[in-house]
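Q: I am attaching a structure below and will ask some questions about it afterwards.
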Amino acid sequence: MLPTLSRRRLLALAAGSAASVALGACSSPFDETTRGGGRVLEFVTFYTGGDGDLMQSIVDRYNSSQDEVFVRFSAPAYGGDYLTKVLTAALAGAPPAIVALHSYEIQPLRRFLHTIRLGDLGLAESDFVDGTRELAEIDGELYGVTMSTGPQALGYNRQLFAKAGLDPARPPATGEEFLAAAQALKASGPWGFVRETGTYMPWQSMNWQGGGDLIDAESRAMFDSDAGIAAAQLEQDLVHRYQVSPQQLVDGLQVGQMFRAQQVGMVCTYPWGLQQLLETNAETGMELDVAPLPQFFDGPRAMIATSHIYTIPIQRTNDDWVRDQAQKFISWLFREGSVDWAGAQAPASTAAAAPIAASTDPVVRKMSLFIDQAKYAHFAPYAYRWNQAYQYLNDAMDNIVYQRADVASELRAATARATETMKEPS
């Protein structure tokens with residue numbers, strides 16, 4: 001599920017924190033060294049896996065490069081709990097010095113964040129891969145620096161392709177080629193494709209590729225557009241008409257397990273899974289690979305993606321010093337840490353693209369594919385109660401794909417429920 005805080009939740013937290021201030025009991029859930037004027041800058045993120053270990057090593061390099069500050073990296077939580085901690089700290093006036101956010105999380109927290117002038121960080125618009133810089137922009141103001149994105153791509157098994165009579169050097173690039181490959185794979189034994197339900201279900205990329213969208217300018221759901229219906233019909237057909245995908249629901253963890261067990265020839269994959277994929281190859285002799293997501297429909301090139309944006313919250317005390325040091329760190333991280341960061345995510349730095357492509361590290365080098373796709377990436381929107389609205393869509397898609405429910409009827413019902421849910425109280 002896409003983790004967001006609704007405006008009502010924000011207001012409730014704000015009211016609760018205000019009451020705590022009145023009682024003298026409000027405090028930050030993070031260490032308050034940053035606020036106290038010490039040399040420590042807190043850098044808080046949601047990197048709870050291997051990407052967290054990698055970021056720690058990059059931060060260690062920064063700490064060794066200068067003696068003005070010590071950056072303390074942590075990843076306390078993910079999802080709604082993470083945002084609640086950040087908001088509570090902001091309301092207490094003692095937020096971390098640097099906070100990682102997804103693009104859709106900036107809007108509800110913008111009043112607690114400093115605006116960013118790229119020139120103050122020694123950066124320019126040309127330093128960013130197309131479509132990445134503006135992810136942190138609202139109403140013409142920049143509230144953070146986009147460090148990386150996570151576009152969806154196609155994972156495929158070169159050995160299973162060869163066994164099925166397919167050319168491993170030519171993964172499918174269109175919807176027709178994808179279906180033909182899936183059918184050939186299934187005829188040779190494994191499943192052709194396994195979809196992931198939830199946040200990264202294929203429907204989102206397919207819908208955008210067909211010219212659709214998720215919400216309109218008035219925050220009304222658009223799930224039942226012609227593009228949305230066509231995308232849902234294709235997902236259903238892969239299971240029931242063409243029978244190249246299993247009829248039971250499979251979660252993200254199971255998708256990865258099936259792929260590594262060679263039970264499926266194609267899956268959707270993301271930058272953060274690249275290291276495990278290549279480690280599997282080294283350990284087992286398999287030939288798992290990645291390719292650009294096929295263009296299933298004749299609309300714009302598109303795929304679902306996530307984003308990692310580094311923001312600078314406003315401090316109640318010592319704000320000027322914290323802001324200055326935070327800007328120095330983010331600037332260094334973007335310029336000097338992006339190549340290393342390609343070991344886990346797709347950096348937004350244009351200057352990093354060439355050394356990444358030439359790297360001797362196979363994970364970093366292969367990350368070039370995801371960087372190339374970033375310019376086509378689409379991201380979750382911010383809308384009032386979007387997380388609940390999205391759940392209606394996901395439930396409808398599960399019914400369509402696994403229960404063979406009527407496509408148009410299910411999407412119309414989900415659209416109506418989502419639109420009603422996203423109406424803000426007057």
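Residues are named by chain letter and number: chains run A, B, ... in the order of the structure tokens, numbers start at 1 in each chain, and ligands are numbered from 1 in the order shown.
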Which neighbours of Ala100 (chain A) fall inside 7 Å, counting only C-alpha atoms, when residues of the same chain fewer than 5 positions from it are skipped, and could you give them as a short mmCIF file (atom, residue, chain, number, x, y, z; two decimals) with N, CA and C atoms, in the first residue's frame?
A:
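Here's the written file part-v9.cif:
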```
data_model
loop_
_atom_site.label_atom_id
_atom_site.label_comp_id
_atom_site.auth_asym_id
_atom_site.auth_seq_id
_atom_site.Cartn_x
_atom_site.Cartn_y
_atom_site.Cartn_z
N VAL A 44 17.48 11.13 8.50
CA VAL A 44 16.49 10.08 8.71
C VAL A 44 15.89 9.65 7.38
N THR A 45 15.82 8.34 7.15
CA THR A 45 15.27 7.80 5.90
C THR A 45 14.40 6.58 6.20
N HIS A 308 12.94 9.26 -4.17
CA HIS A 308 13.64 9.51 -2.90
C HIS A 308 14.13 10.95 -2.92
N ILE A 309 13.51 11.78 -2.10
CA ILE A 309 13.76 13.21 -2.10
C ILE A 309 14.25 13.63 -0.72
N TYR A 310 15.35 14.37 -0.68
CA TYR A 310 15.93 14.79 0.58
C TYR A 310 15.51 16.21 0.89
N THR A 311 14.84 16.36 2.03
CA THR A 311 14.27 17.63 2.44
C THR A 311 14.96 18.14 3.71
#
```
Q: Can you pull out every residue within 12 Å of Met367 (chain A), counting only C-alpha atoms, but drop anything in the same chain fewer than 6 positions away, and send it as a VMD selection string?
A: chain A and resid 148 to 151 153 270 to 275 278 289 to 292 338 to 348 352 to 359 361 373 to 374
Q: I'd like the interatomic distance between CA of Ile138 (chain A) and CA of Tyr200 (chain A), to a tenth of an Å.
A: 24.5 Å
Q: If we count only C-alpha atoms and set the cut-off at 12 Å, which residues sit around region 249-260 of chain A, ignoring sequence neighbours fewer than 2 positions away in its own chain? Please answer as a PyMOL selection string.
A: chain A and resi 1+154-158+160+190-201+239+245-247+262-270+273-274+276-281+283-289+394-395+397-403
Q: Could you write out that same residue set with C-alpha atoms as a PDB file, in the first residue's frame?
A:
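As written to disk, part-v8.pdb reads:
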```
ATOM      1  CA  MET A   1       0.000   0.000   0.000  1.00  0.00           C
ATOM      2  CA  LEU A 154      10.973  -6.264 -16.738  1.00  0.00           C
ATOM      3  CA  GLY A 155      12.862  -9.051 -15.022  1.00  0.00           C
ATOM      4  CA  TYR A 156      13.383 -12.150 -17.161  1.00  0.00           C
ATOM      5  CA  ASN A 157      15.251 -15.463 -17.083  1.00  0.00           C
ATOM      6  CA  ARG A 158      17.602 -15.806 -20.043  1.00  0.00           C
ATOM      7  CA  LEU A 160      14.194 -20.114 -19.552  1.00  0.00           C
ATOM      8  CA  PRO A 190       7.202 -22.376 -16.105  1.00  0.00           C
ATOM      9  CA  TRP A 191       4.654 -19.602 -15.819  1.00  0.00           C
ATOM     10  CA  GLY A 192       5.125 -16.911 -18.416  1.00  0.00           C
ATOM     11  CA  PHE A 193       4.495 -14.016 -16.032  1.00  0.00           C
ATOM     12  CA  VAL A 194       3.507 -13.448 -12.416  1.00  0.00           C
ATOM     13  CA  ARG A 195       1.985 -10.114 -11.400  1.00  0.00           C
ATOM     14  CA  GLU A 196       2.412  -8.429  -8.033  1.00  0.00           C
ATOM     15  CA  THR A 197      -0.706  -7.192  -6.303  1.00  0.00           C
ATOM     16  CA  GLY A 198      -0.676  -4.033  -4.204  1.00  0.00           C
ATOM     17  CA  THR A 199       1.447  -0.948  -4.659  1.00  0.00           C
ATOM     18  CA  TYR A 200       3.233  -1.957  -7.856  1.00  0.00           C
ATOM     19  CA  MET A 201       0.597  -3.911  -9.748  1.00  0.00           C
ATOM     20  CA  VAL A 239      -4.662 -15.310 -16.199  1.00  0.00           C
ATOM     21  CA  SER A 245      -0.164 -16.471 -15.127  1.00  0.00           C
ATOM     22  CA  PRO A 246      -1.349 -18.290 -11.977  1.00  0.00           C
ATOM     23  CA  GLN A 247      -4.967 -17.904 -10.844  1.00  0.00           C
ATOM     24  CA  GLN A 262      12.787 -20.537 -11.995  1.00  0.00           C
ATOM     25  CA  GLN A 263       9.043 -21.098 -11.675  1.00  0.00           C
ATOM     26  CA  VAL A 264       8.309 -18.050 -13.829  1.00  0.00           C
ATOM     27  CA  GLY A 265      10.069 -16.524 -16.822  1.00  0.00           C
ATOM     28  CA  MET A 266       9.072 -12.864 -16.453  1.00  0.00           C
ATOM     29  CA  VAL A 267       8.200 -10.520 -13.570  1.00  0.00           C
ATOM     30  CA  CYS A 268       8.160  -6.806 -12.869  1.00  0.00           C
ATOM     31  CA  THR A 269      11.232  -5.668 -10.970  1.00  0.00           C
ATOM     32  CA  TYR A 270      12.805  -2.528  -9.486  1.00  0.00           C
ATOM     33  CA  GLY A 273      16.045  -5.844  -6.234  1.00  0.00           C
ATOM     34  CA  LEU A 274      18.957  -5.692  -8.653  1.00  0.00           C
ATOM     35  CA  GLN A 276      19.819  -9.769  -5.017  1.00  0.00           C
ATOM     36  CA  LEU A 277      19.109 -10.732  -8.625  1.00  0.00           C
ATOM     37  CA  LEU A 278      22.788 -10.596  -9.607  1.00  0.00           C
ATOM     38  CA  GLU A 279      23.845 -12.315  -6.386  1.00  0.00           C
ATOM     39  CA  THR A 280      21.467 -15.157  -7.272  1.00  0.00           C
ATOM     40  CA  ASN A 281      23.186 -15.470 -10.640  1.00  0.00           C
ATOM     41  CA  GLU A 283      25.571 -18.178  -6.433  1.00  0.00           C
ATOM     42  CA  THR A 284      23.527 -20.500  -8.680  1.00  0.00           C
ATOM     43  CA  GLY A 285      24.728 -19.980 -12.236  1.00  0.00           C
ATOM     44  CA  MET A 286      21.313 -18.724 -13.291  1.00  0.00           C
ATOM     45  CA  GLU A 287      20.978 -15.913 -15.836  1.00  0.00           C
ATOM     46  CA  LEU A 288      18.369 -13.545 -14.451  1.00  0.00           C
ATOM     47  CA  ASP A 289      18.345 -10.217 -16.255  1.00  0.00           C
ATOM     48  CA  ASN A 394      -6.401  -2.670  -5.733  1.00  0.00           C
ATOM     49  CA  ASP A 395      -9.366  -4.657  -4.392  1.00  0.00           C
ATOM     50  CA  MET A 397      -8.150  -5.417  -9.644  1.00  0.00           C
ATOM     51  CA  ASP A 398      -7.842  -8.496  -7.427  1.00  0.00           C
ATOM     52  CA  ASN A 399     -11.495  -9.287  -8.162  1.00  0.00           C
ATOM     53  CA  ILE A 400     -10.973  -8.710 -11.878  1.00  0.00           C
ATOM     54  CA  VAL A 401      -7.785 -10.747 -12.166  1.00  0.00           C
ATOM     55  CA  TYR A 402      -8.490 -13.624  -9.797  1.00  0.00           C
ATOM     56  CA  GLN A 403     -12.298 -13.799  -9.604  1.00  0.00           C
TER      57      GLN A 403
END
```
Q: When you draw a straight line from CA of Arg316 (chain A) to CA of Ala97 (chain A), how long is it in Å?
A: 11.6 Å
Q: Run DSSP on the backbone and give me the residues of region 204-284 of chain A it puts in strand (DSSP E), as a PyMOL selection string.
A: chain A and resi 264-269
Q: With C-alpha atoms retained, could you export that selection as a PDB file, in the first residue's frame?
A:
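Dumped everything to out_22.pdb:
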```
ATOM      1  CA  VAL A 264       8.309 -18.050 -13.829  1.00  0.00           C
ATOM      2  CA  GLY A 265      10.069 -16.524 -16.822  1.00  0.00           C
ATOM      3  CA  MET A 266       9.072 -12.864 -16.453  1.00  0.00           C
ATOM      4  CA  VAL A 267       8.200 -10.520 -13.570  1.00  0.00           C
ATOM      5  CA  CYS A 268       8.160  -6.806 -12.869  1.00  0.00           C
ATOM      6  CA  THR A 269      11.232  -5.668 -10.970  1.00  0.00           C
TER       7      THR A 269
END
```
Q: For the atom pair CA of Gln325 (chain A) and CA of Val71 (chain A), what is the interatomic distance in Å to one decimal place?
A: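 Interatomic distance, CA of Gln325 (chain A) to CA of Val71 (chain A): 9.7 Å.
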Q: Check region 90-231 of chain A with DSSP on the backbone and list each residue it calls alpha helix (DSSP H), as a ChimeraX atom specification.
A: /A:90-91,106-109,158-163,175-188,203-209,226-231
Q: Write the selection just made, keeping N, CA, C and O atoms, as a short mmCIF file (atom, residue, chain, number, x, y, z; two decimals), in the first residue's frame?
A:
```
data_model
loop_
_atom_site.label_atom_id
_atom_site.label_comp_id
_atom_site.auth_asym_id
_atom_site.auth_seq_id
_atom_site.Cartn_x
_atom_site.Cartn_y
_atom_site.Cartn_z
N ALA A 90 8.44 17.53 13.80
CA ALA A 90 8.30 18.86 13.22
C ALA A 90 7.43 19.75 14.11
O ALA A 90 7.73 20.93 14.33
N LEU A 91 6.37 19.19 14.61
CA LEU A 91 5.48 19.96 15.50
C LEU A 91 6.17 20.32 16.81
O LEU A 91 5.89 21.36 17.41
N ILE A 106 5.47 15.07 0.24
CA ILE A 106 5.91 16.45 0.44
C ILE A 106 4.74 17.39 0.69
O ILE A 106 4.78 18.24 1.58
N GLN A 107 3.67 17.22 -0.08
CA GLN A 107 2.52 18.13 0.05
C GLN A 107 1.98 18.23 1.48
O GLN A 107 1.82 19.34 2.00
N PRO A 108 1.70 17.12 2.16
CA PRO A 108 1.15 17.26 3.51
C PRO A 108 2.16 17.77 4.55
O PRO A 108 1.76 18.17 5.64
N LEU A 109 3.44 17.77 4.21
CA LEU A 109 4.45 18.21 5.16
C LEU A 109 5.13 19.51 4.75
O LEU A 109 6.03 19.99 5.44
N ARG A 158 17.03 -15.54 -18.72
CA ARG A 158 17.60 -15.81 -20.04
C ARG A 158 17.64 -17.30 -20.35
O ARG A 158 17.44 -17.72 -21.50
N GLN A 159 17.90 -18.13 -19.35
CA GLN A 159 17.95 -19.57 -19.59
C GLN A 159 16.57 -20.12 -19.94
O GLN A 159 16.44 -20.96 -20.84
N LEU A 160 15.54 -19.66 -19.23
CA LEU A 160 14.19 -20.11 -19.55
C LEU A 160 13.75 -19.59 -20.92
O LEU A 160 13.00 -20.27 -21.63
N PHE A 161 14.21 -18.42 -21.29
CA PHE A 161 13.91 -17.90 -22.63
C PHE A 161 14.51 -18.83 -23.69
O PHE A 161 13.83 -19.19 -24.67
N ALA A 162 15.76 -19.21 -23.52
CA ALA A 162 16.42 -20.08 -24.49
C ALA A 162 15.72 -21.44 -24.56
O ALA A 162 15.50 -21.99 -25.66
N LYS A 163 15.35 -21.98 -23.43
CA LYS A 163 14.64 -23.26 -23.38
C LYS A 163 13.31 -23.19 -24.11
O LYS A 163 12.87 -24.17 -24.73
N GLY A 175 3.53 -5.14 -26.29
CA GLY A 175 2.54 -6.01 -25.70
C GLY A 175 2.41 -7.32 -26.45
O GLY A 175 2.27 -8.40 -25.85
N GLU A 176 2.46 -7.28 -27.78
CA GLU A 176 2.36 -8.48 -28.58
C GLU A 176 3.55 -9.41 -28.34
O GLU A 176 3.39 -10.63 -28.19
N GLU A 177 4.74 -8.83 -28.29
CA GLU A 177 5.92 -9.65 -28.02
C GLU A 177 5.90 -10.23 -26.61
O GLU A 177 6.32 -11.38 -26.39
N PHE A 178 5.40 -9.45 -25.67
CA PHE A 178 5.29 -9.94 -24.29
C PHE A 178 4.37 -11.14 -24.21
O PHE A 178 4.70 -12.16 -23.58
N LEU A 179 3.20 -11.06 -24.85
CA LEU A 179 2.25 -12.17 -24.82
C LEU A 179 2.84 -13.40 -25.50
O LEU A 179 2.71 -14.53 -24.99
N ALA A 180 3.49 -13.21 -26.63
CA ALA A 180 4.09 -14.34 -27.34
C ALA A 180 5.16 -15.00 -26.48
O ALA A 180 5.25 -16.24 -26.42
N ALA A 181 5.98 -14.20 -25.79
CA ALA A 181 7.01 -14.76 -24.93
C ALA A 181 6.39 -15.51 -23.76
O ALA A 181 6.85 -16.60 -23.39
N ALA A 182 5.35 -14.92 -23.15
CA ALA A 182 4.68 -15.57 -22.02
C ALA A 182 4.09 -16.91 -22.44
O ALA A 182 4.16 -17.90 -21.69
N GLN A 183 3.49 -16.98 -23.62
CA GLN A 183 2.90 -18.22 -24.10
C GLN A 183 3.98 -19.27 -24.38
O GLN A 183 3.80 -20.45 -24.07
N ALA A 184 5.09 -18.84 -24.96
CA ALA A 184 6.18 -19.78 -25.24
C ALA A 184 6.78 -20.32 -23.94
O ALA A 184 7.08 -21.52 -23.83
N LEU A 185 6.95 -19.46 -22.98
CA LEU A 185 7.47 -19.89 -21.69
C LEU A 185 6.55 -20.90 -21.03
O LEU A 185 6.99 -21.94 -20.53
N LYS A 186 5.25 -20.61 -21.02
CA LYS A 186 4.29 -21.50 -20.37
C LYS A 186 4.25 -22.85 -21.08
O LYS A 186 4.16 -23.91 -20.42
N ALA A 187 4.36 -22.84 -22.38
CA ALA A 187 4.36 -24.10 -23.14
C ALA A 187 5.58 -24.95 -22.81
O ALA A 187 5.53 -26.18 -22.91
N SER A 188 6.68 -24.29 -22.37
CA SER A 188 7.90 -25.04 -22.06
C SER A 188 7.98 -25.46 -20.60
O SER A 188 8.92 -26.16 -20.21
N TRP A 203 -1.08 -2.93 -13.63
CA TRP A 203 -2.14 -2.08 -14.18
C TRP A 203 -1.74 -0.62 -14.24
O TRP A 203 -2.07 0.09 -15.19
N GLN A 204 -1.01 -0.15 -13.23
CA GLN A 204 -0.67 1.27 -13.20
C GLN A 204 0.17 1.68 -14.42
O GLN A 204 -0.12 2.67 -15.09
N SER A 205 1.21 0.91 -14.71
CA SER A 205 2.04 1.22 -15.88
C SER A 205 1.23 1.07 -17.17
O SER A 205 1.31 1.92 -18.07
N MET A 206 0.46 0.01 -17.27
CA MET A 206 -0.34 -0.22 -18.47
C MET A 206 -1.36 0.90 -18.68
O MET A 206 -1.60 1.35 -19.81
N ASN A 207 -1.97 1.35 -17.60
CA ASN A 207 -2.97 2.42 -17.68
C ASN A 207 -2.35 3.71 -18.22
O ASN A 207 -2.89 4.36 -19.11
N TRP A 208 -1.18 4.08 -17.68
CA TRP A 208 -0.49 5.28 -18.18
C TRP A 208 -0.08 5.10 -19.63
O TRP A 208 -0.13 6.04 -20.42
N GLN A 209 0.38 3.89 -20.00
CA GLN A 209 0.79 3.65 -21.38
C GLN A 209 -0.38 3.76 -22.35
O GLN A 209 -0.18 4.05 -23.54
N ASP A 226 -11.14 4.50 -20.62
CA ASP A 226 -10.91 3.47 -21.64
C ASP A 226 -9.55 2.81 -21.44
O ASP A 226 -9.40 1.59 -21.58
N ALA A 227 -8.54 3.62 -21.08
CA ALA A 227 -7.20 3.08 -20.86
C ALA A 227 -7.18 2.16 -19.65
O ALA A 227 -6.55 1.08 -19.68
N GLY A 228 -7.88 2.56 -18.58
CA GLY A 228 -7.92 1.74 -17.38
C GLY A 228 -8.62 0.42 -17.62
O GLY A 228 -8.18 -0.63 -17.13
N ILE A 229 -9.71 0.45 -18.38
CA ILE A 229 -10.44 -0.78 -18.68
C ILE A 229 -9.60 -1.71 -19.55
O ILE A 229 -9.54 -2.92 -19.31
N ALA A 230 -8.92 -1.15 -20.55
CA ALA A 230 -8.08 -1.98 -21.42
C ALA A 230 -6.94 -2.62 -20.63
O ALA A 230 -6.60 -3.80 -20.84
N ALA A 231 -6.34 -1.86 -19.72
CA ALA A 231 -5.24 -2.40 -18.90
C ALA A 231 -5.73 -3.52 -18.00
O ALA A 231 -5.07 -4.56 -17.86
#
```
Q: Check the smallest atom-to-atom distance from each of A:Pro294, A:Pro202, A:Gly119, A:Pro381 to Met422 (chain A) using only C-alpha atoms, then report the winner.
A: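 For Met422 (chain A), the nearest of the given residues is A:Pro381.
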